[in-house]
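A.B. asks: Sending over run.csv (CSV, C-alpha atoms).
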```
chain,number,residue,atom,x,y,z
C,1,MET,CA,-8.1,-0.9,14.0
C,2,SER,CA,-6.5,-3.1,16.6
C,3,GLN,CA,-3.1,-4.7,17.0
C,4,PRO,CA,-1.9,-7.5,19.2
C,5,ILE,CA,1.0,-6.8,21.6
C,6,ARG,CA,3.2,-9.6,22.9
C,7,LEU,CA,3.3,-9.1,26.6
C,8,ASP,CA,6.2,-11.4,27.3
C,9,GLN,CA,8.3,-9.6,24.7
C,10,LEU,CA,7.5,-6.3,26.4
C,11,THR,CA,8.8,-7.7,29.7
C,12,LEU,CA,11.8,-9.1,28.1
C,13,ALA,CA,12.5,-5.7,26.4
C,14,VAL,CA,12.2,-3.8,29.7
C,15,VAL,CA,14.6,-6.3,31.4
C,16,VAL,CA,17.1,-6.3,28.6
C,17,VAL,CA,17.1,-2.5,28.3
C,18,ALA,CA,17.5,-2.1,32.1
C,19,ILE,CA,20.5,-4.5,32.0
C,20,PHE,CA,22.1,-2.6,29.1
C,21,ALA,CA,21.6,0.7,30.9
C,22,ALA,CA,23.3,-0.7,34.0
C,23,MET,CA,26.1,-2.0,31.8
C,24,GLY,CA,26.4,1.3,30.0
C,25,TYR,CA,26.8,3.1,33.4
C,26,GLN,CA,29.7,0.8,34.2
C,27,ARG,CA,31.3,1.0,30.8
C,28,GLY,CA,30.8,4.7,29.9
C,29,ILE,CA,29.5,6.3,26.7
C,30,LEU,CA,32.6,5.8,24.6
C,31,ARG,CA,32.6,2.1,24.9
C,32,GLU,CA,28.8,2.1,24.3
C,33,LEU,CA,29.3,4.2,21.2
C,34,LEU,CA,31.8,1.7,19.8
C,35,ALA,CA,29.3,-1.2,20.5
C,36,ALA,CA,26.4,0.6,18.7
C,37,PRO,CA,27.6,0.0,15.1
C,38,PHE,CA,28.2,-3.7,15.9
C,39,ILE,CA,24.7,-4.0,17.2
C,40,ILE,CA,23.4,-2.5,14.0
C,41,LEU,CA,25.7,-4.4,11.7
C,42,GLY,CA,25.4,-7.8,13.5
C,43,PRO,CA,21.9,-8.7,12.2
C,44,TRP,CA,22.9,-7.5,8.7
C,45,LEU,CA,26.1,-9.5,8.5
C,46,ALA,CA,24.9,-12.6,10.4
C,47,PRO,CA,22.7,-14.2,7.6
C,48,TRP,CA,25.4,-13.7,5.0
C,49,LEU,CA,28.1,-15.0,7.4
C,50,ALA,CA,25.9,-18.0,8.3
C,51,VAL,CA,25.5,-19.1,4.7
C,52,ALA,CA,29.2,-18.4,4.0
C,53,LEU,CA,30.5,-20.3,7.0
C,54,LEU,CA,28.0,-23.2,7.0
C,55,PRO,CA,30.1,-25.5,4.7
C,56,TRP,CA,33.2,-24.9,6.8
C,57,VAL,CA,31.4,-25.5,10.1
C,58,ASN,CA,30.1,-28.8,8.8
C,59,ARG,CA,33.5,-29.7,7.3
C,60,PHE,CA,35.3,-29.1,10.6
C,61,TYR,CA,32.6,-30.9,12.5
C,62,LYS,CA,33.2,-34.0,10.3
C,63,LEU,CA,36.9,-33.5,10.6
C,64,PHE,CA,36.6,-33.6,14.4
C,65,LEU,CA,34.5,-36.8,14.2
C,66,PHE,CA,37.0,-38.3,11.9
C,67,ALA,CA,39.7,-37.6,14.5
C,68,ARG,CA,37.4,-38.9,17.3
C,69,PHE,CA,36.7,-42.2,15.5
C,70,GLY,CA,40.4,-42.9,15.0
C,71,GLY,CA,41.6,-40.5,12.3
C,72,LEU,CA,44.8,-41.1,10.5
C,73,ALA,CA,46.0,-43.4,13.3
C,74,THR,CA,43.4,-46.1,12.6
C,75,ASP,CA,44.1,-49.3,10.8
C,76,ASP,CA,40.8,-49.4,9.0
C,77,PHE,CA,40.6,-46.1,7.3
C,78,ALA,CA,37.6,-47.0,5.2
C,79,ALA,CA,35.5,-48.0,8.3
C,80,VAL,CA,36.2,-44.6,10.0
C,81,MET,CA,35.3,-42.8,6.8
C,82,GLU,CA,32.0,-44.7,6.6
C,83,ARG,CA,31.2,-43.9,10.2
C,84,VAL,CA,31.8,-40.2,9.6
C,85,ARG,CA,29.7,-40.3,6.5
C,86,GLN,CA,26.8,-41.7,8.4
C,87,VAL,CA,26.7,-38.9,10.9
C,88,PRO,CA,24.4,-36.1,9.8
C,89,PRO,CA,25.9,-32.6,9.3
C,90,LEU,CA,26.0,-30.4,12.4
C,91,ILE,CA,23.8,-27.8,10.7
C,92,GLY,CA,21.6,-29.4,8.1
C,93,THR,CA,18.2,-27.8,8.5
C,94,GLN,CA,16.8,-24.2,7.9
C,95,VAL,CA,16.1,-23.9,11.7
C,96,GLY,CA,19.7,-24.9,12.4
C,97,LEU,CA,20.9,-22.3,9.9
C,98,ILE,CA,18.8,-19.6,11.6
C,99,ARG,CA,20.1,-20.6,15.0
C,100,PHE,CA,23.7,-20.4,13.7
C,101,GLY,CA,22.9,-17.0,12.2
C,102,VAL,CA,21.6,-15.7,15.6
C,103,LEU,CA,24.8,-17.1,17.3
C,104,LEU,CA,27.0,-15.3,14.8
C,105,CYS,CA,25.0,-12.1,15.3
C,106,LEU,CA,25.5,-12.3,19.0
C,107,THR,CA,29.2,-13.0,18.4
C,108,VAL,CA,29.5,-9.8,16.3
C,109,ILE,CA,27.7,-7.8,19.0
C,110,ALA,CA,29.9,-9.3,21.7
C,111,LEU,CA,33.0,-8.4,19.6
C,112,GLY,CA,31.8,-4.8,19.6
C,113,TYR,CA,31.6,-4.9,23.4
C,114,LEU,CA,35.0,-6.6,23.8
C,115,LEU,CA,36.7,-4.2,21.5
C,116,GLY,CA,35.4,-1.3,23.6
C,117,GLN,CA,36.6,-3.1,26.7
C,118,TRP,CA,40.1,-3.5,25.2
C,119,TRP,CA,40.6,-0.3,23.4
C,120,ILE,CA,38.8,2.4,25.5
C,121,LYS,CA,39.7,3.3,29.0
C,122,LYS,CA,37.3,3.1,31.9
C,123,PRO,CA,35.0,6.1,32.3
C,124,ALA,CA,36.7,8.9,34.3
C,125,ASP,CA,33.8,10.8,35.7
C,126,ARG,CA,30.2,10.4,36.6
C,127,ILE,CA,28.8,12.4,33.6
C,128,VAL,CA,30.5,9.9,31.2
C,129,ARG,CA,29.0,7.1,33.2
C,130,LEU,CA,25.5,8.6,33.1
C,131,LEU,CA,25.8,9.2,29.4
C,132,GLY,CA,27.0,5.6,29.1
C,133,ALA,CA,23.7,4.6,30.8
C,134,VAL,CA,21.8,6.6,28.2
C,135,MET,CA,23.7,5.1,25.3
C,136,GLY,CA,23.5,1.6,26.9
C,137,THR,CA,19.7,2.1,27.0
C,138,VAL,CA,19.8,3.0,23.3
C,139,ASN,CA,21.9,-0.1,22.5
C,140,GLY,CA,19.6,-2.4,24.6
C,141,PHE,CA,16.6,-1.0,22.8
C,142,LEU,CA,18.2,-1.5,19.3
C,143,LEU,CA,19.2,-5.1,20.3
C,144,VAL,CA,15.6,-5.9,21.4
C,145,ARG,CA,14.1,-4.4,18.3
C,146,ILE,CA,16.4,-6.4,16.1
C,147,LEU,CA,16.6,-9.7,17.8
C,148,VAL,CA,13.4,-10.3,19.8
C,149,ASP,CA,11.4,-11.6,16.9
C,150,GLN,CA,14.1,-14.0,15.9
C,151,VAL,CA,15.0,-15.4,19.3
C,152,TRP,CA,11.6,-15.2,20.9
C,153,PRO,CA,9.0,-15.8,18.2
C,154,THR,CA,6.4,-17.9,20.2
C,155,GLN,CA,4.8,-18.4,23.6
C,156,PHE,CA,3.2,-15.1,24.1
C,157,VAL,CA,0.0,-13.6,25.4
C,158,GLU,CA,-1.9,-11.4,23.0
C,159,ILE,CA,-3.8,-8.4,24.2
C,160,VAL,CA,-5.8,-6.3,21.7
C,161,VAL,CA,-4.9,-2.6,21.7
C,162,PRO,CA,-7.0,-0.1,19.7
C,163,MET,CA,-4.6,2.0,17.7
C,164,GLY,CA,-3.9,3.1,14.2
C,165,SER,CA,-0.8,1.0,13.7
C,166,LEU,CA,1.6,-0.7,16.0
C,167,ALA,CA,4.3,0.0,13.4
C,168,GLN,CA,3.8,3.7,14.0
C,169,LEU,CA,4.2,3.2,17.7
C,170,PHE,CA,7.5,1.4,17.3
C,171,GLN,CA,8.6,4.0,14.8
C,172,ALA,CA,7.9,6.7,17.3
C,173,GLN,CA,9.8,4.7,20.0
C,174,THR,CA,12.8,4.4,17.7
C,175,ALA,CA,12.7,8.1,16.9
C,176,ALA,CA,12.6,8.9,20.7
C,177,VAL,CA,15.5,6.6,21.3
C,178,LEU,CA,17.5,8.1,18.5
C,179,VAL,CA,16.7,11.6,19.8
C,180,VAL,CA,18.0,10.6,23.2
C,181,ALA,CA,21.1,9.1,21.7
C,182,PHE,CA,21.8,12.3,19.8
C,183,MET,CA,21.3,14.4,22.9
C,184,ALA,CA,23.7,12.2,24.8
C,185,ILE,CA,26.3,12.6,22.1
C,186,VAL,CA,25.9,16.3,22.1
C,187,VAL,CA,26.3,16.5,25.8
C,188,LEU,CA,29.5,14.4,25.6
C,189,ALA,CA,30.9,16.4,22.7
C,190,LEU,CA,30.3,19.8,24.5
C,191,GLN,CA,31.7,18.4,27.7
C,192,ARG,CA,34.8,17.4,25.8
C,193,ALA,CA,35.0,20.7,24.0
C,194,GLN,CA,34.8,22.5,27.4
C,195,LYS,CA,37.7,20.6,28.9
C,196,LYS,CA,40.3,21.9,26.4
L,1,MET,CA,17.7,7.0,-13.7
L,2,VAL,CA,19.4,7.4,-10.3
L,3,PRO,CA,17.2,6.2,-7.4
L,4,ILE,CA,16.0,9.1,-5.3
L,5,GLU,CA,17.1,7.4,-2.1
L,6,LEU,CA,20.7,7.2,-3.5
L,7,VAL,CA,20.7,10.9,-4.2
L,8,TRP,CA,19.4,11.5,-0.7
L,9,LEU,CA,22.1,9.3,0.8
L,10,ILE,CA,24.9,11.0,-1.2
L,11,ILE,CA,23.7,14.4,-0.1
L,12,VAL,CA,23.6,13.3,3.5
L,13,LEU,CA,27.1,11.9,3.2
L,14,LEU,CA,28.3,15.2,1.6
L,15,PHE,CA,26.9,17.0,4.6
L,16,GLY,CA,28.8,14.5,6.8
L,17,LEU,CA,32.0,15.5,5.1
L,18,ILE,CA,31.2,19.2,5.5
L,19,GLY,CA,30.7,18.5,9.2
L,20,VAL,CA,34.1,16.9,9.4
L,21,VAL,CA,35.7,20.0,7.8
L,22,ARG,CA,33.7,22.6,9.8
L,23,GLY,CA,33.7,20.9,13.2
L,24,PHE,CA,30.7,20.0,15.4
L,25,LEU,CA,30.7,23.3,17.3
L,26,LYS,CA,29.6,25.1,14.1
L,27,GLU,CA,27.5,22.2,12.9
L,28,LEU,CA,25.5,22.2,16.1
L,29,GLY,CA,24.6,25.9,15.4
L,30,VAL,CA,23.1,24.7,12.0
L,31,THR,CA,21.3,21.9,13.8
L,32,THR,CA,19.7,24.4,16.2
L,33,VAL,CA,18.5,26.6,13.4
L,34,MET,CA,17.2,23.7,11.3
L,35,VAL,CA,15.4,22.1,14.3
L,36,ILE,CA,13.7,25.4,15.2
L,37,MET,CA,12.7,26.0,11.6
L,38,LEU,CA,11.2,22.5,11.3
L,39,PHE,CA,9.4,22.9,14.6
L,40,ALA,CA,7.9,26.2,13.4
L,41,VAL,CA,6.9,24.7,10.1
L,42,THR,CA,5.3,21.6,11.6
L,43,PHE,CA,3.6,23.6,14.3
L,44,PHE,CA,2.1,26.3,12.0
L,45,GLU,CA,1.6,23.9,9.1
L,46,GLY,CA,-2.2,24.0,9.6
L,47,LYS,CA,-2.1,27.8,8.9
L,48,ILE,CA,0.7,27.9,6.3
L,49,THR,CA,-0.7,25.3,3.9
L,50,PRO,CA,-4.1,26.9,3.4
L,51,MET,CA,-2.5,30.3,2.9
L,52,LEU,CA,0.0,28.8,0.5
L,53,THR,CA,-2.8,27.1,-1.4
L,54,LYS,CA,-4.6,30.5,-1.7
L,55,VAL,CA,-1.5,32.2,-3.0
L,56,ALA,CA,-0.8,29.3,-5.4
L,57,VAL,CA,-4.3,29.5,-6.8
L,58,ARG,CA,-3.7,33.1,-7.7
L,59,VAL,CA,-0.1,32.9,-8.8
L,60,ALA,CA,0.1,29.5,-10.5
L,61,PRO,CA,-3.4,28.0,-10.9
L,62,ASN,CA,-2.2,25.3,-13.3
L,63,ASP,CA,0.8,24.3,-11.1
L,64,LEU,CA,-0.4,24.2,-7.6
L,65,ALA,CA,1.8,21.3,-6.4
L,66,ALA,CA,4.9,22.7,-8.2
L,67,PHE,CA,4.4,26.1,-6.5
L,68,GLN,CA,4.0,24.6,-3.1
L,69,ALA,CA,6.9,22.3,-3.6
L,70,ALA,CA,9.0,25.2,-4.7
L,71,PHE,CA,8.0,27.2,-1.6
L,72,TRP,CA,9.1,24.3,0.8
L,73,VAL,CA,12.3,23.7,-1.1
L,74,VAL,CA,13.2,27.4,-1.1
L,75,LEU,CA,12.3,27.8,2.6
L,76,ILE,CA,14.5,24.9,3.7
L,77,THR,CA,17.4,25.8,1.4
L,78,VAL,CA,17.4,29.4,2.4
L,79,THR,CA,17.3,28.5,6.1
L,80,ALA,CA,20.1,26.0,5.6
L,81,PHE,CA,22.1,28.7,3.7
L,82,VAL,CA,21.6,31.3,6.3
L,83,SER,CA,22.5,28.9,9.1
L,84,TYR,CA,25.7,27.9,7.3
L,85,GLN,CA,26.8,31.3,6.0
L,86,GLY,CA,28.3,34.3,7.9
L,87,GLN,CA,27.7,34.8,11.6
L,88,THR,CA,26.4,31.5,12.8
L,89,LEU,CA,25.0,30.2,16.0
L,90,ALA,CA,28.3,28.3,16.6
L,91,PHE,CA,28.7,26.8,20.1
L,92,GLU,CA,31.6,27.9,22.2
L,93,GLY,CA,34.5,25.7,23.1
L,94,ALA,CA,37.7,24.2,21.7
L,95,ALA,CA,37.6,21.6,18.9
L,96,VAL,CA,38.0,18.0,20.1
L,97,LYS,CA,41.0,16.3,18.5
L,98,GLY,CA,41.5,12.8,17.4
L,99,ALA,CA,39.1,10.0,16.3
L,100,LEU,CA,36.5,11.2,18.8
L,101,GLY,CA,36.5,14.7,17.4
L,102,VAL,CA,36.1,13.3,13.9
L,103,PHE,CA,33.2,11.2,15.1
L,104,PHE,CA,31.5,14.2,16.7
L,105,ASN,CA,32.0,16.3,13.5
L,106,LEU,CA,30.8,13.5,11.2
L,107,ALA,CA,27.8,12.7,13.4
L,108,THR,CA,26.6,16.3,13.6
L,109,GLY,CA,27.2,16.8,9.8
L,110,LEU,CA,25.2,13.7,9.0
L,111,VAL,CA,22.4,14.9,11.3
L,112,ASN,CA,22.3,18.2,9.5
L,113,GLY,CA,22.2,16.4,6.1
L,114,TYR,CA,19.4,14.3,7.3
L,115,LEU,CA,17.5,17.3,8.5
L,116,ILE,CA,18.0,19.3,5.3
L,117,ALA,CA,17.9,16.7,2.6
L,118,GLY,CA,15.3,14.6,4.5
L,119,SER,CA,12.9,17.6,4.9
L,120,ILE,CA,13.1,18.5,1.2
L,121,TRP,CA,12.5,14.9,0.2
L,122,PHE,CA,9.5,14.7,2.6
L,123,TYR,CA,7.8,17.8,1.1
L,124,LEU,CA,8.5,16.7,-2.4
L,125,ASP,CA,7.0,13.3,-1.7
L,126,ARG,CA,4.0,14.7,-0.1
L,127,LEU,CA,3.2,16.9,-3.1
L,128,GLY,CA,3.9,14.0,-5.6
L,129,TYR,CA,7.3,15.1,-6.9
L,130,PRO,CA,6.0,17.9,-9.1
L,131,LEU,CA,9.5,19.4,-9.7
L,132,LEU,CA,11.2,16.1,-10.5
L,133,ASN,CA,8.6,14.6,-12.9
L,134,ILE,CA,8.6,11.2,-11.2
L,135,SER,CA,5.6,9.5,-9.6
L,136,ARG,CA,5.4,7.8,-6.2
L,137,ASP,CA,4.6,4.5,-7.9
L,138,ALA,CA,8.1,4.6,-9.5
L,139,LEU,CA,9.8,4.6,-6.1
L,140,SER,CA,11.7,1.6,-5.0
L,141,PRO,CA,10.6,-0.3,-1.8
L,142,THR,CA,13.6,1.2,0.0
L,143,ALA,CA,12.5,4.7,-0.9
L,144,ARG,CA,9.0,4.0,0.3
L,145,MET,CA,10.3,2.6,3.5
L,146,LEU,CA,12.6,5.7,4.0
L,147,VAL,CA,10.0,8.4,3.3
L,148,PRO,CA,8.1,8.0,6.6
L,149,MET,CA,11.4,8.3,8.4
L,150,MET,CA,12.1,11.8,7.2
L,151,PRO,CA,12.4,14.6,9.9
L,152,PRO,CA,9.0,16.4,9.5
L,153,GLN,CA,7.2,13.1,10.0
L,154,LEU,CA,9.5,11.1,12.3
L,155,LEU,CA,10.8,13.9,14.5
L,156,ALA,CA,7.7,16.1,14.7
L,157,PRO,CA,6.7,15.1,18.3
L,158,PHE,CA,10.3,15.7,19.5
L,159,LEU,CA,11.3,18.9,17.6
L,160,LEU,CA,10.3,21.2,20.4
L,161,TYR,CA,12.3,19.2,23.0
L,162,VAL,CA,15.4,19.0,20.8
L,163,ALA,CA,15.2,22.8,20.1
L,164,VAL,CA,14.9,23.6,23.8
L,165,PHE,CA,17.7,21.2,24.6
L,166,LEU,CA,20.0,22.7,21.9
L,167,ILE,CA,19.2,26.3,23.0
L,168,PHE,CA,19.8,25.4,26.6
L,169,MET,CA,23.1,23.8,25.8
L,170,ARG,CA,24.1,26.8,23.7
L,171,VAL,CA,23.1,29.3,26.5
L,172,VAL,CA,24.4,27.5,29.6
L,173,ARG,CA,28.0,27.1,28.3
```
Please, can you express the file's structure as structure tokens?
C.D. replies:
Amino acid sequence: MSQPIRLDQLTLAVVVVAIFAAMGYQRGILRELLAAPFIILGPWLAPWLAVALLPWVNRFYKLFLFARFGGLATDDFAAVMERVRQVPPLIGTQVGLIRFGVLLCLTVIALGYLLGQWWIKKPADRIVRLLGAVMGTVNGFLLVRILVDQVWPTQFVEIVVPMGSLAQLFQAQTAAVLVVAFMAIVVLALQRAQKK
Amino acid sequence: MVPIELVWLIIVLLFGLIGVVRGFLKELGVTTVMVIMLFAVTFFEGKITPMLTKVAVRVAPNDLAAFQAAFWVVLITVTAFVSYQGQTLAFEGAAVKGALGVFFNLATGLVNGYLIAGSIWFYLDRLGYPLLNISRDALSPTARMLVPMMPPQLLAPFLLYVAVFLIFMRVVR
């Protein structure tokens, strides 16, 4: 059995994971640990949030247009309303909704990173930084796994690889990443336990 | 009937709570024992299974699957019991306080729950749930998706490394 691999996605994955590893080194493992649940929750929450917020986004968009076309200060209120009515909604198609969902997903993930930046102090020593790099790699991998098919679905080169199942390969990769994350947490926990 | 994945999840969460109460230093000792046991089982499975089948043919010829399932469940449960009870392989050190400590405790407890309940589910599924009187066809899509993610299948290539890592961390401290 053979499976196609998307080469450009692989390159993207390597670059993203490397960037996240570097970020993790700068931020330390505690900040990265806080970001991890947001990376996992973001894609779950985003579709629901997108549907829930869609009417409000379109309403506020029209409200903005209403103000821009004259708003309450105008003499011809009906004309302004007619102009606003003729403008299509900001998000009116399925593709637009998906893009909005991706944007919300990235916002949730960014929130996780910002909260870590605000609440947790800078890493004090090198071991915390190195563990942060490990956890950053895990976060980067999770982000790639979750988002790459939504953000980068086309324009790829296919190569045919003989193997049982690509899904098995990805499953093994995920397992390896989770094992590494567990090891990093154990090292940090034991380091903290030793300090007392 | 309660879905099997929900039962599994509840058991894992209970182990998480146990972890919060016991602390990660004790929980890591359990993790070490469970990982070593799972490594031994997956490594010697090729020898264990034929022997087990031979014994089952003699002892319970009409209930081969049930006998084998009982063996795996008892093995995992007894190992878990021994690793939790009495003199354990607890790691040395002082408990970490605060939210971070709770996180470490909860995380290691959940990992132990995953290792124990997940392994039992895996072997029950492989033998067709002989002790539960349910069939694989009755499983929900979520349960079918989760079964390949159970420790004996998902972690098999990494069990040796994790075992060596945990023993190393236990010894060097």
A.B. asks: Report the distance between atom CA of Val12 of chain L and atom CA of Gly128 of chain L in Å, rounded to one decimal place.
C.D. replies: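 These atoms are spaced 21.7 Å apart.
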A.B. asks: List as a PyMOL selection string the protein and nucleic acid residues near Leu106 of chain C, meaning an atom at most 10 Å away when only C-alpha atoms are counted, but skip any in the same chain fewer than 6 places from it.
C.D. replies: chain C and resi 38-39+42-43+46+100+112+143+147
A.B. asks: Fewer than 2 positions away in the same chain doesn't count, so skip those; otherwise give me all residues within 9 Å of segment 25-38 of chain L, counting all atoms listed in the file, as a PyMOL selection string.
C.D. replies: (chain C and resi 186+189-190+193) or (chain L and resi 18-19+22-23+40-43+76+79-80+82-84+88-95+105+108-109+111-112+115-116+119+151-152+156+159-160+162-164+166-167+170)
A.B. asks: Let me make sure I understand: among L:Tyr129, L:Phe104, L:Trp121, L:Phe168, which one has the smallest atom-to-atom distance to chain C if we use all atoms listed in the file?
C.D. replies: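 Using all atoms listed in the file, the shortest distance to chain C belongs to L:Phe104.
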A.B. asks: Hey, can you pull every residue with an atom no more than 12 Å from (23.0, -15.4, 15.3), using only C-alpha atoms, and send it as JSON, numbers by chain?
C.D. replies: {"C": [39, 41, 42, 43, 44, 45, 46, 47, 48, 49, 50, 51, 95, 96, 97, 98, 99, 100, 101, 102, 103, 104, 105, 106, 107, 108, 109, 110, 146, 147, 148, 150, 151]}
A.B. asks: Taking only C-alpha atoms into account, which of L:Leu124, L:Leu146, L:Gly101, L:Leu132 comes nearest chain C?
C.D. replies: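 Smallest separation from chain C among the options: L:Gly101.
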A.B. asks: Compare C:Ala22, C:Ala175, C:Val15, C:Val138 by their minimum atom-to-atom distance to chain L, counting only C-alpha atoms, and give me the closest one.
C.D. replies: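 Ranking C:Ala22, C:Ala175, C:Val15, C:Val138 by distance to chain L, first place goes to C:Ala175.
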A.B. asks: Given the choices C:Met135, C:Val87, C:Leu142, C:Ala36, which gets closest to Ala181 of chain C if the distance is worked out from all atoms listed in the file?
C.D. replies: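 Under the stated criterion, the closest residue is C:Met135.
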A.B. asks: Looking at L:Lys47, L:Lys54, L:Lys97, L:Arg144, which one is nearest to chain C, with distances taken over all atoms listed in the file?
C.D. replies: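 Between L:Lys47, L:Lys54, L:Lys97, L:Arg144, the residue approaching chain C most closely is L:Lys97.
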A.B. asks: Just the residues within 10 Å of Leu14 of chain L, please, counting all atoms listed in the file, with nothing from its chain fewer than 6 positions along; format it as a list in words.
C.D. replies: Trp8, Val20, Gly109, Leu110 and Gly113 of chain L
A.B. asks: Figure out the distance between atom CA of Pro3 of chain L and atom CA of Tyr123 of chain L, please, to one decimal in Å.
C.D. replies: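 Separation of atom CA of Tyr123 of chain L and atom CA of Pro3 of chain L: 17.2 Å.
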A.B. asks: Given the point (7.9, 22.8, -4.7) in the file's coordinates, find the residues that have an atom at most 9 Å from it, counting all atoms listed in the file, and give them as a VMD selection string.
C.D. replies: chain L and resid 64 to 74 120 123 to 124 127 129 to 131
A.B. asks: Within 12 Å of Met1 of chain L, counting only C-alpha atoms, which residues qualify if same-chain residues fewer than 4 places away don't, as an NGL selection string?
C.D. replies: :L and (5-7 or 132-134 or 138-140)
A.B. asks: How many Å separate atom CA of Gln85 of chain L from atom CA of Ala107 of chain L?
C.D. replies: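 Those two atoms sit 20.0 Å apart.
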A.B. asks: Could you check the closest approach to Leu33 of chain C for each of L:Val21, L:Gly86, L:Phe103, L:Thr53 and tell me which residue wins, using all atoms listed in the file?
C.D. replies: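 Nearest candidate to Leu33 of chain C out of L:Val21, L:Gly86, L:Phe103, L:Thr53: L:Phe103.
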